[in-house]
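Asks: work.pdb is reproduced in full below (PDB, C-alpha atoms).
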```pdb
ATOM      1  CA  MET A   1     -16.010 -22.248   4.648
ATOM      2  CA  THR A   2     -13.146 -21.815   2.196
ATOM      3  CA  LEU A   3     -15.777 -21.554  -0.510
ATOM      4  CA  ALA A   4     -17.183 -18.543   1.368
ATOM      5  CA  ALA A   5     -13.704 -16.990   1.328
ATOM      6  CA  ILE A   6     -13.464 -17.574  -2.433
ATOM      7  CA  VAL A   7     -16.872 -15.927  -2.890
ATOM      8  CA  CYS A   8     -15.692 -12.951  -0.807
ATOM      9  CA  PHE A   9     -12.671 -12.523  -3.091
ATOM     10  CA  LEU A  10     -14.954 -12.887  -6.099
ATOM     11  CA  ILE A  11     -17.144 -10.032  -4.823
ATOM     12  CA  ALA A  12     -14.055  -7.866  -4.282
ATOM     13  CA  GLY A  13     -12.887  -8.693  -7.801
ATOM     14  CA  ILE A  14     -16.279  -7.731  -9.229
ATOM     15  CA  CYS A  15     -16.103  -4.390  -7.377
ATOM     16  CA  GLY A  16     -12.622  -3.815  -8.811
ATOM     17  CA  THR A  17     -13.711  -4.777 -12.312
ATOM     18  CA  TYR A  18     -16.653  -2.378 -12.174
ATOM     19  CA  ARG A  19     -14.390   0.471 -11.101
ATOM     20  CA  LEU A  20     -11.996  -0.594 -13.879
ATOM     21  CA  LEU A  21     -14.801  -0.099 -16.386
ATOM     22  CA  ILE A  22     -16.264   3.167 -15.072
ATOM     23  CA  GLY A  23     -13.158   4.774 -13.504
ATOM     24  CA  PRO A  24     -13.006   8.474 -14.326
ATOM     25  CA  GLY A  25      -9.227   8.655 -14.619
ATOM     26  CA  LEU A  26      -6.416   6.456 -15.826
ATOM     27  CA  ALA A  27      -4.973   6.072 -12.302
ATOM     28  CA  ASP A  28      -8.345   4.870 -10.974
ATOM     29  CA  ARG A  29      -8.334   2.142 -13.575
ATOM     30  CA  VAL A  30      -4.781   1.159 -12.637
ATOM     31  CA  ILE A  31      -5.598   0.750  -8.944
ATOM     32  CA  ALA A  32      -8.825  -1.083  -9.819
ATOM     33  CA  LEU A  33      -6.827  -3.534 -11.927
ATOM     34  CA  ASP A  34      -4.437  -3.944  -9.008
ATOM     35  CA  LEU A  35      -7.328  -4.734  -6.661
ATOM     36  CA  THR A  36      -8.711  -7.261  -9.148
ATOM     37  CA  LEU A  37      -5.331  -8.996  -9.363
ATOM     38  CA  ILE A  38      -5.109  -9.089  -5.562
ATOM     39  CA  SER A  39      -8.559 -10.643  -5.367
ATOM     40  CA  LEU A  40      -7.393 -13.255  -7.865
ATOM     41  CA  MET A  41      -4.358 -13.935  -5.670
ATOM     42  CA  GLY A  42      -6.502 -14.416  -2.586
ATOM     43  CA  ALA A  43      -8.904 -16.681  -4.450
ATOM     44  CA  ILE A  44      -6.002 -18.829  -5.685
ATOM     45  CA  ALA A  45      -4.645 -19.105  -2.132
ATOM     46  CA  ALA A  46      -8.054 -20.062  -0.705
ATOM     47  CA  ASP A  47      -8.593 -22.567  -3.511
ATOM     48  CA  ALA A  48      -5.197 -24.158  -2.813
ATOM     49  CA  ALA A  49      -6.178 -24.534   0.844
ATOM     50  CA  ARG A  50      -9.554 -25.944  -0.130
ATOM     51  CA  ARG A  51      -8.090 -28.675  -2.347
ATOM     52  CA  ASP A  52      -4.943 -29.084  -0.195
ATOM     53  CA  ASP A  53      -2.870 -28.753  -3.358
ATOM     54  CA  ALA A  54       0.136 -26.436  -3.720
ATOM     55  CA  THR A  55       0.413 -26.753  -7.508
ATOM     56  CA  TYR A  56      -0.829 -23.266  -8.399
ATOM     57  CA  LEU A  57       0.825 -21.356  -5.552
ATOM     58  CA  PRO A  58       3.847 -20.165  -7.654
ATOM     59  CA  LEU A  59       1.269 -18.156  -9.622
ATOM     60  CA  LEU A  60       0.895 -15.918  -6.559
ATOM     61  CA  VAL A  61       4.540 -14.815  -6.722
ATOM     62  CA  VAL A  62       4.291 -14.139 -10.450
ATOM     63  CA  ILE A  63       1.053 -12.134 -10.100
ATOM     64  CA  ALA A  64       2.504 -10.063  -7.234
ATOM     65  CA  ILE A  65       5.617  -9.114  -9.201
ATOM     66  CA  VAL A  66       3.733  -8.461 -12.455
ATOM     67  CA  GLY A  67       1.151  -6.322 -10.641
ATOM     68  CA  PHE A  68       3.820  -4.165  -9.000
ATOM     69  CA  THR A  69       5.691  -3.708 -12.284
ATOM     70  CA  ALA A  70       2.471  -2.763 -14.064
ATOM     71  CA  THR A  71       1.560  -0.203 -11.389
ATOM     72  CA  VAL A  72       4.965   1.487 -11.465
ATOM     73  CA  ALA A  73       5.099   1.528 -15.267
ATOM     74  CA  ALA A  74       1.576   2.946 -15.529
ATOM     75  CA  SER A  75       2.256   5.699 -12.980
ATOM     76  CA  LYS A  76       5.426   6.768 -14.782
ATOM     77  CA  PHE A  77       3.496   6.666 -18.064
ATOM     78  CA  ILE A  78       0.782   8.923 -16.635
ATOM     79  CA  GLU A  79       3.301  11.479 -15.359
ATOM     80  CA  GLN A  80       5.411  11.608 -18.516
ATOM     81  CA  GLU A  81       2.516  11.642 -20.968
ATOM     82  CA  HIS A  82       0.777  14.318 -18.928
ATOM     83  CA  ALA A  83       3.895  16.485 -19.150
ATOM     84  CA  ARG A  84       3.749  16.081 -22.932
ATOM     85  CA  ASP A  85      -0.028  16.235 -23.429
ATOM     86  CA  PRO A  86      -2.158  17.683 -20.582
ATOM     87  CA  GLU A  87      -5.202  15.679 -21.660
ATOM     88  CA  VAL A  88      -3.615  12.350 -20.685
ATOM     89  CA  GLY A  89      -4.450  11.070 -17.213
ATOM     90  CA  ARG A  90      -7.691  12.948 -16.726
TER      91      ARG A  90
ATOM     92  CA  MET B   1      -5.984 -26.442  12.599
ATOM     93  CA  SER B   2      -8.597 -26.496   9.871
ATOM     94  CA  THR B   3     -11.036 -24.286  11.774
ATOM     95  CA  LEU B   4      -8.333 -21.709  12.484
ATOM     96  CA  ALA B   5      -7.280 -21.728   8.813
ATOM     97  CA  ASN B   6     -10.879 -21.236   7.724
ATOM     98  CA  ILE B   7     -11.313 -18.321  10.111
ATOM     99  CA  PHE B   8      -8.163 -16.647   8.786
ATOM    100  CA  MET B   9      -9.173 -17.108   5.159
ATOM    101  CA  LEU B  10     -12.696 -15.844   5.757
ATOM    102  CA  ALA B  11     -11.293 -12.788   7.554
ATOM    103  CA  GLY B  12      -9.021 -12.140   4.581
ATOM    104  CA  GLY B  13     -11.976 -12.371   2.221
ATOM    105  CA  LEU B  14     -13.996  -9.927   4.319
ATOM    106  CA  ILE B  15     -11.097  -7.456   4.352
ATOM    107  CA  ALA B  16     -10.872  -7.807   0.563
ATOM    108  CA  ILE B  17     -14.599  -7.006   0.349
ATOM    109  CA  LEU B  18     -13.935  -3.872   2.420
ATOM    110  CA  ALA B  19     -11.230  -2.862  -0.062
ATOM    111  CA  GLY B  20     -13.543  -3.532  -2.991
ATOM    112  CA  VAL B  21     -16.415  -1.542  -1.512
ATOM    113  CA  GLY B  22     -14.021   1.313  -0.762
ATOM    114  CA  VAL B  23     -12.712   1.339  -4.322
ATOM    115  CA  LEU B  24     -16.237   1.188  -5.651
ATOM    116  CA  ARG B  25     -17.964   3.736  -3.427
ATOM    117  CA  PHE B  26     -15.458   6.420  -2.403
ATOM    118  CA  SER B  27     -15.752   9.703  -4.226
ATOM    119  CA  THR B  28     -12.206  10.954  -4.819
ATOM    120  CA  SER B  29      -9.159   9.241  -6.291
ATOM    121  CA  TYR B  30      -7.145   9.691  -3.101
ATOM    122  CA  ALA B  31      -9.787   7.963  -0.980
ATOM    123  CA  ARG B  32     -10.022   5.086  -3.462
ATOM    124  CA  PHE B  33      -6.241   4.615  -3.459
ATOM    125  CA  HIS B  34      -6.277   4.693   0.317
ATOM    126  CA  ALA B  35      -8.899   1.941   0.515
ATOM    127  CA  ALA B  36      -7.139  -0.273  -2.033
ATOM    128  CA  GLY B  37      -3.600   0.362  -0.839
ATOM    129  CA  LYS B  38      -4.135  -0.211   2.878
ATOM    130  CA  ALA B  39      -6.622  -3.076   2.931
ATOM    131  CA  SER B  40      -5.288  -5.246   0.101
ATOM    132  CA  PRO B  41      -1.908  -6.231   1.617
ATOM    133  CA  VAL B  42      -3.640  -7.059   4.897
ATOM    134  CA  ALA B  43      -6.151  -9.245   3.050
ATOM    135  CA  ILE B  44      -3.385 -11.128   1.226
ATOM    136  CA  LEU B  45      -1.374 -11.470   4.448
ATOM    137  CA  VAL B  46      -4.284 -12.863   6.494
ATOM    138  CA  THR B  47      -5.367 -15.197   3.692
ATOM    139  CA  GLY B  48      -1.773 -16.361   3.293
ATOM    140  CA  ILE B  49      -1.550 -17.195   6.992
ATOM    141  CA  GLY B  50      -4.774 -19.195   6.799
ATOM    142  CA  ALA B  51      -3.825 -21.032   3.614
ATOM    143  CA  SER B  52      -0.316 -21.844   4.832
ATOM    144  CA  LEU B  53      -1.822 -23.500   7.906
ATOM    145  CA  GLU B  54      -3.632 -25.804   5.486
ATOM    146  CA  VAL B  55      -1.229 -26.608   2.634
ATOM    147  CA  GLY B  56       1.939 -27.473   4.542
ATOM    148  CA  TRP B  57       5.525 -26.247   4.306
ATOM    149  CA  ASP B  58       5.947 -26.346   0.522
ATOM    150  CA  GLY B  59       2.966 -24.134  -0.152
ATOM    151  CA  ALA B  60       3.699 -21.983   2.898
ATOM    152  CA  ALA B  61       7.040 -20.985   1.371
ATOM    153  CA  TYR B  62       5.348 -19.718  -1.780
ATOM    154  CA  LEU B  63       2.675 -17.954   0.253
ATOM    155  CA  LEU B  64       5.368 -16.310   2.392
ATOM    156  CA  ILE B  65       7.226 -15.037  -0.675
ATOM    157  CA  ALA B  66       4.022 -13.749  -2.286
ATOM    158  CA  SER B  67       2.787 -12.054   0.901
ATOM    159  CA  ALA B  68       6.164 -10.438   1.558
ATOM    160  CA  ALA B  69       6.363  -9.185  -2.032
ATOM    161  CA  MET B  70       2.829  -7.791  -1.739
ATOM    162  CA  VAL B  71       3.399  -6.045   1.596
ATOM    163  CA  LEU B  72       6.697  -4.551   0.414
ATOM    164  CA  THR B  73       5.732  -3.476  -3.099
ATOM    165  CA  LEU B  74       2.088  -2.429  -3.013
ATOM    166  CA  PRO B  75       2.617   0.700  -0.824
ATOM    167  CA  VAL B  76       5.393   1.772  -3.209
ATOM    168  CA  GLY B  77       3.156   1.400  -6.242
ATOM    169  CA  VAL B  78       0.235   3.174  -4.603
ATOM    170  CA  HIS B  79       2.561   5.991  -3.507
ATOM    171  CA  LEU B  80       3.713   6.469  -7.106
ATOM    172  CA  LEU B  81       0.092   6.530  -8.258
ATOM    173  CA  PHE B  82      -0.726   9.120  -5.589
ATOM    174  CA  ARG B  83       2.056  11.303  -6.935
ATOM    175  CA  ALA B  84       0.924  10.816 -10.521
ATOM    176  CA  VAL B  85      -2.632  11.870  -9.615
ATOM    177  CA  HIS B  86      -1.300  14.848  -7.642
ATOM    178  CA  ARG B  87       0.669  16.015 -10.664
ATOM    179  CA  THR B  88      -1.991  15.413 -13.277
ATOM    180  CA  SER B  89      -5.265  16.512 -11.673
ATOM    181  CA  SER B  90      -6.591  19.535  -9.863
ATOM    182  CA  ASN B  91      -6.205  19.534  -6.081
ATOM    183  CA  ASP B  92      -8.723  22.198  -5.178
ATOM    184  CA  HIS B  93     -10.808  19.874  -3.014
ATOM    185  CA  LEU B  94      -7.939  19.178  -0.588
ATOM    186  CA  LEU B  95      -8.013  21.019   2.740
ATOM    187  CA  THR B  96      -4.243  20.833   3.218
ATOM    188  CA  ASP B  97      -1.644  19.908   0.611
ATOM    189  CA  ASP B  98       1.848  19.223   1.900
ATOM    190  CA  LEU B  99       3.143  17.807  -1.363
ATOM    191  CA  ALA B 100       2.637  20.957  -3.443
ATOM    192  CA  PRO B 101       5.299  23.134  -1.708
ATOM    193  CA  ALA B 102       7.744  20.208  -1.756
ATOM    194  CA  GLU B 103       7.158  19.715  -5.468
ATOM    195  CA  ALA B 104       7.522  23.443  -6.102
ATOM    196  CA  ALA B 105      10.843  23.567  -4.230
ATOM    197  CA  GLN B 106      12.412  20.646  -6.079
ATOM    198  CA  PRO B 107      12.808  20.022  -9.803
ATOM    199  CA  ARG B 108      10.802  17.067 -11.050
ATOM    200  CA  SER B 109      12.587  13.782 -11.506
TER     201      SER B 109
END
```
Can you present the structure in this file as structure tokens?

Replies:
Amino acid sequence: MTLAAIVCFLIAGICGTYRLLIGPGLADRVIALDLTLISLMGAIAADAARRDDATYLPLLVVIAIVGFTATVAASKFIEQEHARDPEVGR
Amino acid sequence: MSTLANIFMLAGGLIAILAGVGVLRFSTSYARFHAAGKASPVAILVTGIGASLEVGWDGAAYLLIASAAMVLTLPVGVHLLFRAVHRTSSNDHLLTDDLAPAEAAQPRS
């Protein structure tokens, strides 16, 4: 049953990775990377419940904070670089 | 307890699939951000509830911190991305645009 949950998160991560590869704009790729990281977080949580082992759970906190920082930095990068060069962010 | 935890985790996985299909299939950037930004925190929250029923108090503390960080920060990040897309791309396909007059009235930060 937990294996089914891990497979569900794997499918979501594959969807996010595909959009990361084909995404038409830079912001689409950023949100696709965010979705992939969130799928990884969910898979780690389900795997911890499956093995009844809390060893890898601190990874979830690290991934959450790193993902938020990456999103904010990328959005500010898109805005500022677009103001300098209108081709960026398309 | 185990059955309830499994149900919660499977529900979280299905919500994550909904987010993934939305990101993959929707046609505009705004719709994709909407799918990813609304469904993902719910998926992490539901999965965290299910997993914390299973791993005990030590793991539940980490899951609580991670879920709270996700629910608090992901809408902020998606909001910033919305604004970046609104500033960098054409908005001709929108029926109504409430952000454009607000941006025109205020200098950009």

Asks: Using all atoms listed in the file for the distances, tell me which of B:Ile44, B:Ala84, B:Leu94, B:Val55 is nearest to B:Val71.

Replies: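 Looking only at the distances to B:Val71, the closest residue turns out to be B:Ile44.
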
Asks: Restricting the calculation to all atoms listed in the file, which member of B:Thr73, B:Gln106, B:Thr88, B:Thr96 is positioned closest to A:Lys76?

Replies: B:Thr88

Asks: Sort by chain and increasing residue number a table of all residues of chain B within 8 Å of chain A, each with its closest pair of atoms and their distance in Å to one decimal, counting only C-alpha atoms, and write it as a tab-separated table.

Replies:
```
residue	atom	partner	partner_atom	distance
B:Asn6	CA	A:Thr2	CA	6.0
B:Met9	CA	A:Ala5	CA	5.9
B:Leu10	CA	A:Ala5	CA	4.7
B:Ala11	CA	A:Ala5	CA	7.9
B:Gly12	CA	A:Ala5	CA	7.5
B:Gly13	CA	A:Cys8	CA	4.8
B:Leu14	CA	A:Cys8	CA	6.2
B:Ala16	CA	A:Ala12	CA	5.8
B:Ile17	CA	A:Ala12	CA	4.7
B:Leu18	CA	A:Ala12	CA	7.8
B:Ala19	CA	A:Ala12	CA	7.1
B:Gly20	CA	A:Ala12	CA	4.6
B:Val21	CA	A:Cys15	CA	6.5
B:Val23	CA	A:Gly16	CA	6.8
B:Leu24	CA	A:Arg19	CA	5.8
B:Ser29	CA	A:Asp28	CA	6.5
B:Arg32	CA	A:Asp28	CA	7.7
B:Phe33	CA	A:Ile31	CA	6.7
B:Ala36	CA	A:Leu35	CA	6.4
B:Ser40	CA	A:Ile38	CA	6.8
B:Ala43	CA	A:Gly42	CA	7.7
B:Ile44	CA	A:Gly42	CA	5.9
B:Thr47	CA	A:Gly42	CA	6.4
B:Gly48	CA	A:Ala45	CA	6.7
B:Ala51	CA	A:Ala49	CA	5.0
B:Ser52	CA	A:Ala49	CA	7.6
B:Glu54	CA	A:Ala49	CA	5.4
B:Val55	CA	A:Asp52	CA	5.3
B:Asp58	CA	A:Ala54	CA	7.2
B:Gly59	CA	A:Ala54	CA	5.1
B:Tyr62	CA	A:Pro58	CA	6.1
B:Leu63	CA	A:Leu57	CA	7.0
B:Ile65	CA	A:Val61	CA	6.6
B:Ala66	CA	A:Val61	CA	4.6
B:Ala69	CA	A:Ala64	CA	6.5
B:Met70	CA	A:Ala64	CA	6.0
B:Thr73	CA	A:Phe68	CA	6.2
B:Leu74	CA	A:Phe68	CA	6.5
B:Gly77	CA	A:Val72	CA	5.5
B:Val78	CA	A:Ile31	CA	7.7
B:Leu80	CA	A:Ser75	CA	6.1
B:Leu81	CA	A:Ser75	CA	5.3
B:Ala84	CA	A:Glu79	CA	5.4
B:Val85	CA	A:Ala27	CA	6.8
B:Arg87	CA	A:Glu79	CA	7.0
B:Thr88	CA	A:Gly89	CA	6.4
B:Ser89	CA	A:Arg90	CA	6.6
```

Asks: Just add N, CA and C atoms to stretch 36-70 of chain A and send it as a tab-separated table (two decimals), in the coordinates of the input.

Replies:
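Resulting contents of part-v4.tsv:
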```
chain	number	residue	atom	x	y	z
A	36	THR	N	-8.20	-6.04	-8.53
A	36	THR	CA	-8.71	-7.26	-9.15
A	36	THR	C	-7.66	-8.37	-9.12
A	37	LEU	N	-6.40	-8.00	-9.41
A	37	LEU	CA	-5.33	-9.00	-9.36
A	37	LEU	C	-5.14	-9.53	-7.95
A	38	ILE	N	-5.28	-8.65	-6.94
A	38	ILE	CA	-5.11	-9.09	-5.56
A	38	ILE	C	-6.24	-10.02	-5.16
A	39	SER	N	-7.45	-9.73	-5.64
A	39	SER	CA	-8.56	-10.64	-5.37
A	39	SER	C	-8.31	-12.00	-6.01
A	40	LEU	N	-7.74	-11.98	-7.22
A	40	LEU	CA	-7.39	-13.26	-7.86
A	40	LEU	C	-6.36	-14.02	-7.05
A	41	MET	N	-5.37	-13.29	-6.50
A	41	MET	CA	-4.36	-13.94	-5.67
A	41	MET	C	-4.98	-14.59	-4.45
A	42	GLY	N	-5.86	-13.86	-3.77
A	42	GLY	CA	-6.50	-14.42	-2.59
A	42	GLY	C	-7.37	-15.62	-2.91
A	43	ALA	N	-8.06	-15.56	-4.06
A	43	ALA	CA	-8.90	-16.68	-4.45
A	43	ALA	C	-8.06	-17.90	-4.77
A	44	ILE	N	-6.89	-17.69	-5.40
A	44	ILE	CA	-6.00	-18.83	-5.68
A	44	ILE	C	-5.49	-19.45	-4.39
A	45	ALA	N	-5.13	-18.59	-3.41
A	45	ALA	CA	-4.64	-19.10	-2.13
A	45	ALA	C	-5.74	-19.89	-1.41
A	46	ALA	N	-6.96	-19.36	-1.39
A	46	ALA	CA	-8.05	-20.06	-0.70
A	46	ALA	C	-8.40	-21.36	-1.43
A	47	ASP	N	-8.30	-21.35	-2.76
A	47	ASP	CA	-8.59	-22.57	-3.51
A	47	ASP	C	-7.53	-23.63	-3.25
A	48	ALA	N	-6.26	-23.20	-3.12
A	48	ALA	CA	-5.20	-24.16	-2.81
A	48	ALA	C	-5.42	-24.79	-1.44
A	49	ALA	N	-5.89	-23.98	-0.48
A	49	ALA	CA	-6.18	-24.53	0.84
A	49	ALA	C	-7.38	-25.46	0.80
A	50	ARG	N	-8.34	-25.14	-0.06
A	50	ARG	CA	-9.55	-25.94	-0.13
A	50	ARG	C	-9.25	-27.33	-0.70
A	51	ARG	N	-8.40	-27.39	-1.74
A	51	ARG	CA	-8.09	-28.68	-2.35
A	51	ARG	C	-6.83	-29.30	-1.77
A	52	ASP	N	-6.19	-28.60	-0.81
A	52	ASP	CA	-4.94	-29.08	-0.20
A	52	ASP	C	-3.91	-29.44	-1.26
A	53	ASP	N	-3.70	-28.50	-2.19
A	53	ASP	CA	-2.87	-28.75	-3.36
A	53	ASP	C	-2.05	-27.49	-3.62
A	54	ALA	N	-0.73	-27.62	-3.59
A	54	ALA	CA	0.14	-26.44	-3.72
A	54	ALA	C	0.60	-26.22	-5.15
A	55	THR	N	-0.08	-26.81	-6.13
A	55	THR	CA	0.41	-26.75	-7.51
A	55	THR	C	0.41	-25.33	-8.06
A	56	TYR	N	-0.68	-24.58	-7.78
A	56	TYR	CA	-0.83	-23.27	-8.40
A	56	TYR	C	-0.29	-22.14	-7.55
A	57	LEU	N	0.36	-22.44	-6.42
A	57	LEU	CA	0.82	-21.36	-5.55
A	57	LEU	C	1.96	-20.52	-6.16
A	58	PRO	N	2.86	-21.06	-7.01
A	58	PRO	CA	3.85	-20.16	-7.65
A	58	PRO	C	3.21	-19.05	-8.47
A	59	LEU	N	1.97	-19.25	-8.92
A	59	LEU	CA	1.27	-18.16	-9.62
A	59	LEU	C	1.17	-16.90	-8.77
A	60	LEU	N	1.05	-17.08	-7.44
A	60	LEU	CA	0.90	-15.92	-6.56
A	60	LEU	C	2.12	-15.01	-6.65
A	61	VAL	N	3.31	-15.61	-6.65
A	61	VAL	CA	4.54	-14.82	-6.72
A	61	VAL	C	4.59	-14.07	-8.05
A	62	VAL	N	4.25	-14.77	-9.13
A	62	VAL	CA	4.29	-14.14	-10.45
A	62	VAL	C	3.31	-12.99	-10.53
A	63	ILE	N	2.07	-13.19	-10.02
A	63	ILE	CA	1.05	-12.13	-10.10
A	63	ILE	C	1.47	-10.93	-9.26
A	64	ALA	N	2.08	-11.18	-8.08
A	64	ALA	CA	2.50	-10.06	-7.23
A	64	ALA	C	3.54	-9.22	-7.94
A	65	ILE	N	4.54	-9.87	-8.55
A	65	ILE	CA	5.62	-9.11	-9.20
A	65	ILE	C	5.10	-8.41	-10.45
A	66	VAL	N	4.26	-9.08	-11.24
A	66	VAL	CA	3.73	-8.46	-12.46
A	66	VAL	C	2.83	-7.28	-12.10
A	67	GLY	N	2.02	-7.42	-11.04
A	67	GLY	CA	1.15	-6.32	-10.64
A	67	GLY	C	1.93	-5.10	-10.20
A	68	PHE	N	3.01	-5.30	-9.43
A	68	PHE	CA	3.82	-4.16	-9.00
A	68	PHE	C	4.48	-3.49	-10.19
A	69	THR	N	5.04	-4.29	-11.11
A	69	THR	CA	5.69	-3.71	-12.28
A	69	THR	C	4.70	-2.92	-13.13
A	70	ALA	N	3.48	-3.46	-13.28
A	70	ALA	CA	2.47	-2.76	-14.06
A	70	ALA	C	2.08	-1.45	-13.41
```
